[in-house]
>>> print(open('entry-v2.txt').read())   # compact mmCIF, C-alpha atoms
# COMPACT_ATOMS: atom_id res chain seq x y z
CA MET L 1 178.56 54.95 -315.86
CA LYS L 2 178.25 55.34 -312.08
CA THR L 3 180.74 57.26 -310.00
CA LYS L 4 181.35 57.69 -306.27
CA HIS L 5 181.14 61.50 -306.50
CA PRO L 6 177.89 63.05 -305.18
CA ASN L 7 178.35 66.52 -306.71
CA ILE L 8 178.44 65.56 -310.38
CA VAL L 9 177.73 68.18 -313.03
CA GLU L 10 177.10 67.32 -316.67
CA PHE L 11 177.04 69.70 -319.60
CA GLU L 12 177.56 69.96 -323.34
CA VAL L 13 179.95 72.49 -324.86
CA SER L 14 180.04 73.28 -328.57
CA GLY L 15 181.59 75.73 -330.98
CA ASP L 16 182.50 76.30 -334.60
CA TYR L 17 186.23 76.01 -333.89
CA ALA L 18 188.62 74.85 -331.16
CA LEU L 19 192.37 75.02 -330.62
CA PHE L 20 193.63 72.72 -327.86
CA SER L 21 197.34 73.29 -328.33
CA ASP L 22 200.45 71.98 -326.66
CA PRO L 23 201.91 74.74 -324.41
CA ILE L 24 205.24 74.37 -326.22
CA MET L 25 203.55 75.72 -329.37
CA ARG L 26 202.04 78.77 -327.66
CA LEU L 27 205.22 80.85 -327.73
CA GLY L 28 204.71 81.86 -331.33
CA GLY L 29 204.81 80.55 -334.85
CA GLU L 30 202.33 78.02 -336.18
CA LYS L 31 199.90 76.21 -333.89
CA CYS L 32 198.20 72.86 -334.32
CA SER L 33 195.34 71.60 -332.18
CA TYR L 34 195.23 68.27 -330.42
CA GLN L 35 192.49 65.99 -331.73
CA VAL L 36 190.56 66.08 -328.44
CA PRO L 37 190.20 68.55 -325.52
CA THR L 38 192.80 68.54 -322.78
CA TYR L 39 191.94 68.19 -319.11
CA GLU L 40 193.17 71.75 -318.51
CA ALA L 41 191.00 73.20 -321.30
CA LEU L 42 187.85 71.55 -319.91
CA LYS L 43 188.74 72.67 -316.41
CA GLY L 44 189.09 76.22 -317.75
CA ILE L 45 185.62 75.97 -319.29
CA LEU L 46 184.17 74.89 -315.94
CA SER L 47 186.00 77.71 -314.19
CA SER L 48 184.35 80.15 -316.60
CA ILE L 49 180.99 78.61 -315.74
CA TYR L 50 181.52 78.79 -311.95
CA TRP L 51 184.60 78.75 -309.72
CA LYS L 52 185.79 79.71 -306.25
CA PRO L 53 189.14 79.05 -304.55
CA THR L 54 187.25 77.02 -301.94
CA PHE L 55 187.14 73.99 -304.25
CA ILE L 56 188.93 72.32 -307.15
CA TRP L 57 187.13 71.10 -310.27
CA ARG L 58 187.84 67.50 -311.27
CA ILE L 59 187.16 66.52 -314.90
CA LEU L 60 186.01 62.89 -314.99
CA ASP L 61 185.01 62.14 -318.60
CA VAL L 62 184.56 63.76 -321.99
CA ARG L 63 182.49 62.31 -324.83
CA VAL L 64 183.30 63.31 -328.41
CA MET L 65 179.99 63.88 -330.17
CA ASN L 66 181.03 65.13 -333.64
CA PRO L 67 183.60 63.69 -336.07
CA ILE L 68 187.13 65.00 -335.54
CA GLN L 69 187.81 67.44 -338.38
CA THR L 70 190.49 70.07 -338.87
CA GLU L 71 190.75 73.29 -340.85
CA VAL L 72 193.89 75.33 -341.56
CA LYS L 73 193.62 79.12 -341.41
CA GLY L 74 196.09 81.83 -342.34
CA ILE L 75 196.57 84.08 -339.30
CA ARG L 76 198.48 87.33 -338.89
CA PRO L 77 199.55 87.31 -335.22
CA ILE L 78 201.32 90.28 -333.64
CA LYS L 79 205.07 89.82 -333.23
CA TYR L 80 206.73 90.51 -329.88
CA GLY L 81 208.87 93.20 -331.50
CA GLY L 82 205.89 94.86 -333.18
CA GLY L 83 204.21 94.39 -336.53
CA ASN L 84 202.61 91.23 -337.88
CA GLU L 85 203.70 87.94 -339.37
CA LEU L 86 201.92 85.22 -341.31
CA ALA L 87 201.29 81.87 -339.62
CA TYR L 88 199.06 78.88 -340.28
CA TYR L 89 196.92 77.59 -337.41
CA THR L 90 195.26 74.18 -337.55
CA TYR L 91 191.88 74.29 -335.78
CA LEU L 92 189.32 71.64 -334.95
CA LYS L 93 185.98 72.55 -336.52
CA ASN L 94 182.33 71.85 -335.75
CA CYS L 95 183.12 70.74 -332.20
CA ARG L 96 180.70 69.29 -329.67
CA TYR L 97 181.53 67.52 -326.41
CA GLN L 98 179.69 66.14 -323.41
CA VAL L 99 181.56 66.63 -320.14
CA ARG L 100 181.13 65.11 -316.69
CA ALA L 101 182.91 66.62 -313.69
CA CYS L 102 182.77 67.06 -309.93
CA PHE L 103 184.48 69.20 -307.30
CA GLU L 104 186.35 68.60 -304.06
CA TRP L 105 187.48 70.92 -301.31
CA ASN L 106 190.83 72.62 -301.72
CA ASP L 107 192.87 71.54 -298.70
CA ASN L 108 195.47 74.17 -299.60
CA ARG L 109 192.94 76.84 -298.57
CA PRO L 110 192.14 76.20 -294.88
CA GLU L 111 191.23 79.89 -294.47
CA LEU L 112 188.13 79.23 -296.63
CA ILE L 113 186.84 76.28 -294.62
CA ALA L 114 183.73 78.24 -293.58
CA ASP L 115 182.70 78.40 -297.26
CA ARG L 116 182.57 74.60 -297.64
CA ASN L 117 178.87 74.19 -298.29
CA GLU L 118 178.62 71.41 -300.86
CA ASN L 119 174.92 71.79 -301.62
CA LYS L 120 175.30 75.56 -302.17
CA HIS L 121 178.19 75.27 -304.63
CA HIS L 122 176.61 72.32 -306.46
CA CYS L 123 173.30 74.16 -306.94
CA ILE L 124 175.03 77.35 -308.11
CA ALA L 125 177.17 75.40 -310.59
CA ARG L 126 174.11 73.70 -312.07
CA ARG L 127 172.27 77.02 -312.39
CA MET L 128 175.27 78.60 -314.08
CA ILE L 129 175.40 75.72 -316.58
CA GLU L 130 171.73 76.36 -317.40
CA LYS L 131 172.53 80.04 -317.98
CA GLY L 132 175.57 79.31 -320.18
CA GLY L 133 178.23 80.27 -317.63
CA ARG L 134 179.23 83.35 -315.66
CA ARG L 135 181.97 84.38 -318.07
CA ASP L 136 182.66 83.84 -321.76
CA VAL L 137 183.53 80.24 -322.63
CA PHE L 138 186.36 79.43 -325.03
CA LEU L 139 187.42 76.16 -326.64
CA GLY L 140 191.14 76.36 -325.99
CA THR L 141 191.85 79.93 -327.17
CA ARG L 142 190.15 83.32 -327.10
CA GLU L 143 189.14 83.32 -330.75
CA CYS L 144 187.24 80.01 -330.36
CA GLN L 145 183.94 80.94 -328.71
CA GLY L 146 182.11 78.10 -326.97
CA TYR L 147 178.50 77.62 -325.84
CA VAL L 148 177.40 75.61 -322.82
CA GLU L 149 174.11 73.92 -322.01
CA PRO L 150 173.05 71.15 -319.59
CA CYS L 151 172.81 67.57 -320.81
CA VAL L 152 172.64 63.98 -319.61
CA PHE L 153 176.05 62.46 -320.17
CA GLY L 154 175.75 59.55 -322.62
CA SER L 155 172.53 60.74 -324.22
CA GLY L 156 172.23 61.16 -327.97
CA GLN L 157 174.26 59.68 -330.81
CA GLY L 158 178.02 60.22 -330.80
CA ALA L 159 180.31 59.95 -333.82
CA TYR L 160 182.57 57.34 -332.16
CA ASP L 161 180.12 55.29 -330.11
CA GLY L 162 180.97 52.17 -332.10
CA LEU L 163 184.77 52.60 -332.03
CA PRO L 164 186.20 50.19 -329.43
CA GLU L 165 189.48 52.00 -328.83
CA LEU L 166 191.57 54.89 -330.15
CA SER L 167 194.86 55.99 -328.59
CA PHE L 168 196.24 59.54 -328.93
CA GLY L 169 199.80 58.95 -327.69
CA LEU L 170 201.61 61.25 -325.25
CA MET L 171 199.50 64.32 -324.54
CA TYR L 172 199.57 67.38 -322.31
CA HIS L 173 197.20 66.94 -319.36
CA GLY L 174 197.46 70.25 -317.51
CA ILE L 175 199.42 72.39 -315.06
CA THR L 176 199.37 72.07 -311.28
CA TYR L 177 199.71 75.44 -309.57
CA PRO L 178 200.83 75.83 -305.93
CA ASP L 179 197.31 76.46 -304.63
CA GLU L 180 196.22 73.05 -305.98
CA ALA L 181 199.29 71.08 -304.88
CA TYR L 182 198.68 67.43 -304.00
CA SER L 183 202.17 66.36 -302.86
CA GLU L 184 205.43 67.72 -301.50
CA GLN L 185 206.86 67.63 -305.04
CA THR L 186 204.13 69.98 -306.33
CA ARG L 187 204.06 72.30 -303.34
CA GLY L 188 205.49 75.77 -303.97
CA ARG L 189 206.06 75.26 -307.69
CA MET L 190 204.39 75.03 -311.09
CA THR L 191 204.26 71.47 -312.46
CA ALA L 192 203.28 70.29 -315.96
CA ARG L 193 201.50 66.95 -316.34
CA PHE L 194 201.44 64.51 -319.27
CA TRP L 195 199.55 61.28 -319.94
CA TYR L 196 198.42 58.79 -322.62
CA PRO L 197 194.67 59.24 -323.30
CA ILE L 198 192.60 56.45 -324.82
CA MET L 199 189.10 56.93 -326.20
CA ARG L 200 186.78 53.96 -325.80
CA ASN L 201 183.41 54.06 -327.57
CA GLY L 202 183.69 57.81 -327.89
CA VAL L 203 184.48 58.46 -324.20
CA ILE L 204 187.81 59.49 -322.67
CA HIS L 205 188.11 58.83 -318.95
CA PHE L 206 190.63 61.26 -317.46
CA LEU L 207 193.31 60.34 -315.01
CA GLN L 208 193.35 62.77 -312.11
CA PRO L 209 196.36 65.11 -311.73
CA GLU L 210 198.07 63.02 -309.05
CA GLU L 211 197.71 59.90 -311.25
CA CYS L 212 199.45 61.25 -314.36
CA PRO L 213 202.59 59.25 -315.28
CA GLY L 214 204.47 62.33 -316.52
CA GLN L 215 205.25 65.11 -314.00
CA LYS L 216 207.62 67.92 -314.97
CA PRO L 217 208.46 70.74 -312.48
CA LEU L 218 208.67 74.04 -314.36
CA ARG L 219 209.61 76.69 -311.83
CA GLU L 220 209.20 77.81 -308.24
CA MET L 221 206.02 79.77 -307.52
CA ARG L 222 204.45 81.16 -304.37
CA MET L 223 200.79 80.56 -303.60
CA LYS L 224 198.64 83.66 -303.28
CA GLU L 225 197.49 84.13 -299.70
CA PHE L 226 194.05 85.33 -298.64
CA SER L 227 194.10 87.14 -295.31
CA GLN L 228 193.07 90.38 -293.64
CA GLU L 229 196.77 91.08 -293.17
CA HIS L 230 197.23 91.17 -296.96
CA GLY L 231 194.08 93.26 -297.36
CA ASN L 232 192.50 90.84 -299.85
CA PHE L 233 190.17 88.80 -297.62
CA SER L 234 187.51 89.76 -295.09
CA GLY L 235 185.98 86.39 -294.22
CA LEU L 236 182.79 85.12 -295.85
CA ARG L 237 181.88 88.63 -296.95
CA GLU L 238 184.46 88.06 -299.68
CA PHE L 239 182.18 85.37 -301.13
CA GLY L 240 178.83 87.05 -300.74
CA GLU L 241 177.79 85.17 -297.61
CA VAL L 242 177.39 88.28 -295.48
CA GLU L 243 175.36 91.31 -296.51
>>> encode(input="entry-v2.txt", output="structure tokens")
Amino acid sequence: MKTKHPNIVEFEVSGDYALFSDPIMRLGGEKCSYQVPTYEALKGILSSIYWKPTFIWRILDVRVMNPIQTEVKGIRPIKYGGGNELAYYTYLKNCRYQVRACFEWNDNRPELIADRNENKHHCIARRMIEKGGRRDVFLGTRECQGYVEPCVFGSGQGAYDGLPELSFGLMYHGITYPDEAYSEQTRGRMTARFWYPIMRNGVIHFLQPEECPGQKPLREMRMKEFSQEHGNFSGLREFGEVE
């Protein structure tokens, strides 16, 4: 599949377990994973591999390589008031996915315009994929360790290559924070996104955040500012460009 994006990165992420849960179920009690990764979870994986506020990662496609299987585990999470309680979490098991993504400049960060070197960021991202990422990779939650390695998207045999179409209904897509706002409605607030994913021959093509049919403002939120005035930014030295 050809795309118009020149800074494509492709990688495979795998793990024994995954928990891609609906945010509504994260407050406590029993959790149940979606059948496939969410856009936000894959974006988080890429951010663990390599990220800077200069750009925004865009997840384009995910390919499900292994059969979708679940396993229920008895968990003793810590209660807010202290102590433990018993809950049952439904995990995906034996997970493996191929991911294709790209990045674009973050127009909400004009103070970082001097750091917009596409070749530099693309090369670093590819090297970090080869090394397994800069930080630990998780498949949805902290207890689900993931492992990353480079791949050619579409290579190898996938479990659902011969399945023409499979719909997953209404699904959480991700959250738009103020520093990644793409419209006046998303500026200065946190916005949840929802969509209707469809897997065709094992591949899910993601709608981009601004294309999602469901947009739900959650609350007002200020964007963090980088400036010498705030004492948290000293030009390109902040990003290792100046010795």
>>> closest_residue(input="entry-v2.txt", among="L:Glu111, L:Glu30, L:Trp57, L:Arg222", to="L:Ile75", atoms="only C-alpha atoms")
L:Glu30
>>> closest_atom_pairs(input="entry-v2.txt", of="stretch 119-156 of chain L", to="stretch 98-109 of chain L", cutoff="10 Å", atoms="all atoms listed in the file", output="Markdown table")
| residue | atom | partner | partner_atom | distance |
| --- | --- | --- | --- | --- |
| L:His121 | CA | L:Phe103 | CA | 9.1 |
| L:His122 | CA | L:Phe103 | CA | 8.5 |
| L:Val148 | CA | L:Gln98 | CA | 9.8 |
| L:Glu149 | CA | L:Gln98 | CA | 9.7 |
| L:Pro150 | CA | L:Gln98 | CA | 9.2 |
| L:Cys151 | CA | L:Gln98 | CA | 7.5 |
| L:Val152 | CA | L:Gln98 | CA | 8.3 |
| L:Phe153 | CA | L:Gln98 | CA | 6.1 |
| L:Gly154 | CA | L:Gln98 | CA | 7.7 |
| L:Ser155 | CA | L:Gln98 | CA | 9.0 |
>>> write_last_selection(input="entry-v2.txt", atoms="C-alpha atoms", output="compact mmCIF listing (two decimals), in the coordinates of the input")
# COMPACT_ATOMS: atom_id res chain seq x y z
CA HIS L 121 178.19 75.27 -304.63
CA HIS L 122 176.61 72.32 -306.46
CA VAL L 148 177.40 75.61 -322.82
CA GLU L 149 174.11 73.92 -322.01
CA PRO L 150 173.05 71.15 -319.59
CA CYS L 151 172.81 67.57 -320.81
CA VAL L 152 172.64 63.98 -319.61
CA PHE L 153 176.05 62.46 -320.17
CA GLY L 154 175.75 59.55 -322.62
CA SER L 155 172.53 60.74 -324.22
>>> atom_distance(input="entry-v2.txt", atom1="atom CA of L:Asn84", atom2="atom CA of L:Phe20")
22.9 Å
>>> closest_residue(input="entry-v2.txt", among="L:Val64, L:Ser47, L:Tyr91, L:Ser14", to="L:Tyr34", atoms="all atoms listed in the file")
L:Tyr91
>>> closest_residue(input="entry-v2.txt", among="L:Met65, L:Ala181, L:Met223, L:Val36", to="L:Phe206", atoms="all atoms listed in the file")
L:Val36
>>> closest_residue(input="entry-v2.txt", among="L:Asn119, L:Tyr172, L:Tyr177, L:Pro197", to="L:Pro6", atoms="all atoms listed in the file")
L:Asn119
>>> residues_around(input="entry-v2.txt", residues="L:Met221", least_positions_apart="4", cutoff="8 Å", atoms="all atoms listed in the file", output="list in words")
Tyr177, Pro178, Gly188, Arg189 and Met190 of chain L
>>> closest_residue(input="entry-v2.txt", among="L:Tyr39, L:Tyr17, L:Tyr89, L:Trp51", to="L:Ile129", atoms="all atoms listed in the file")
L:Trp51
>>> residues_around(input="entry-v2.txt", residues="L:Lys73", least_positions_apart="4", cutoff="12 Å", atoms="all atoms listed in the file", output="list in words")
Tyr17, Leu19, Glu30, Lys31, Cys32, Pro77, Leu86, Ala87, Tyr88, Tyr89, Thr90, Tyr91, Leu92 and Lys93 of chain L
>>> closest_residue(input="entry-v2.txt", among="L:Arg63, L:Arg116, L:Arg96, L:Arg134", to="L:Ala18", atoms="all atoms listed in the file")
L:Arg96
>>> atom_distance(input="entry-v2.txt", atom1="atom CA of L:Arg126", atom2="atom CA of L:Glu12")
12.4 Å
>>> atom_distance(input="entry-v2.txt", atom1="atom CA of L:Gly29", atom2="atom CA of L:Lys79")
9.4 Å
>>> build_atoms(input="entry-v2.txt", residues="stretch 178-201 of chain L", atoms="N, CA and C atoms", output="short mmCIF file (atom, residue, chain, number, x, y, z; two decimals), in the coordinates of the input")
data_model
loop_
_atom_site.label_atom_id
_atom_site.label_comp_id
_atom_site.auth_asym_id
_atom_site.auth_seq_id
_atom_site.Cartn_x
_atom_site.Cartn_y
_atom_site.Cartn_z
N PRO L 178 200.60 76.06 -307.36
CA PRO L 178 200.83 75.83 -305.93
C PRO L 178 199.57 75.74 -305.08
N ASP L 179 198.52 76.48 -305.46
CA ASP L 179 197.31 76.46 -304.63
C ASP L 179 196.46 75.21 -304.87
N GLU L 180 196.90 74.32 -305.78
CA GLU L 180 196.22 73.05 -305.98
C GLU L 180 197.19 71.88 -305.82
N ALA L 181 198.27 72.11 -305.08
CA ALA L 181 199.29 71.08 -304.88
C ALA L 181 198.70 69.85 -304.18
N TYR L 182 199.16 68.68 -304.58
CA TYR L 182 198.68 67.43 -304.00
C TYR L 182 199.80 66.59 -303.41
N SER L 183 201.03 67.09 -303.42
CA SER L 183 202.17 66.36 -302.86
C SER L 183 203.28 67.35 -302.52
N GLU L 184 204.29 66.86 -301.82
CA GLU L 184 205.43 67.72 -301.50
C GLU L 184 206.17 68.15 -302.75
N GLN L 185 206.16 67.31 -303.79
CA GLN L 185 206.86 67.63 -305.04
C GLN L 185 206.17 68.76 -305.81
N THR L 186 204.87 68.93 -305.61
CA THR L 186 204.13 69.98 -306.33
C THR L 186 203.89 71.22 -305.48
N ARG L 187 204.28 71.17 -304.23
CA ARG L 187 204.06 72.30 -303.34
C ARG L 187 205.09 73.41 -303.61
N GLY L 188 204.60 74.64 -303.78
CA GLY L 188 205.49 75.77 -303.97
C GLY L 188 206.12 75.86 -305.35
N ARG L 189 205.52 75.19 -306.33
CA ARG L 189 206.06 75.26 -307.69
C ARG L 189 204.98 74.98 -308.72
N MET L 190 205.27 75.34 -309.97
CA MET L 190 204.39 75.03 -311.09
C MET L 190 204.85 73.73 -311.74
N THR L 191 203.92 72.80 -311.95
CA THR L 191 204.26 71.47 -312.46
C THR L 191 203.39 71.12 -313.67
N ALA L 192 204.01 70.73 -314.77
CA ALA L 192 203.28 70.29 -315.96
C ALA L 192 203.03 68.79 -315.88
N ARG L 193 201.88 68.37 -316.39
CA ARG L 193 201.50 66.95 -316.34
C ARG L 193 201.27 66.42 -317.76
N PHE L 194 201.62 65.16 -317.97
CA PHE L 194 201.44 64.51 -319.27
C PHE L 194 200.88 63.10 -319.05
N TRP L 195 200.14 62.61 -320.06
CA TRP L 195 199.55 61.28 -319.94
C TRP L 195 199.28 60.70 -321.32
N TYR L 196 198.70 59.49 -321.37
CA TYR L 196 198.42 58.79 -322.62
C TYR L 196 196.91 58.51 -322.69
N PRO L 197 196.12 59.43 -323.25
CA PRO L 197 194.67 59.24 -323.30
C PRO L 197 194.24 58.16 -324.29
N ILE L 198 193.19 57.46 -323.94
CA ILE L 198 192.60 56.45 -324.82
C ILE L 198 191.09 56.67 -324.85
N MET L 199 190.54 56.78 -326.04
CA MET L 199 189.10 56.93 -326.20
C MET L 199 188.48 55.57 -326.45
N ARG L 200 187.49 55.22 -325.65
CA ARG L 200 186.78 53.96 -325.80
C ARG L 200 185.30 54.24 -326.03
N ASN L 201 184.81 53.82 -327.19
CA ASN L 201 183.41 54.06 -327.57
C ASN L 201 183.04 55.53 -327.44
#
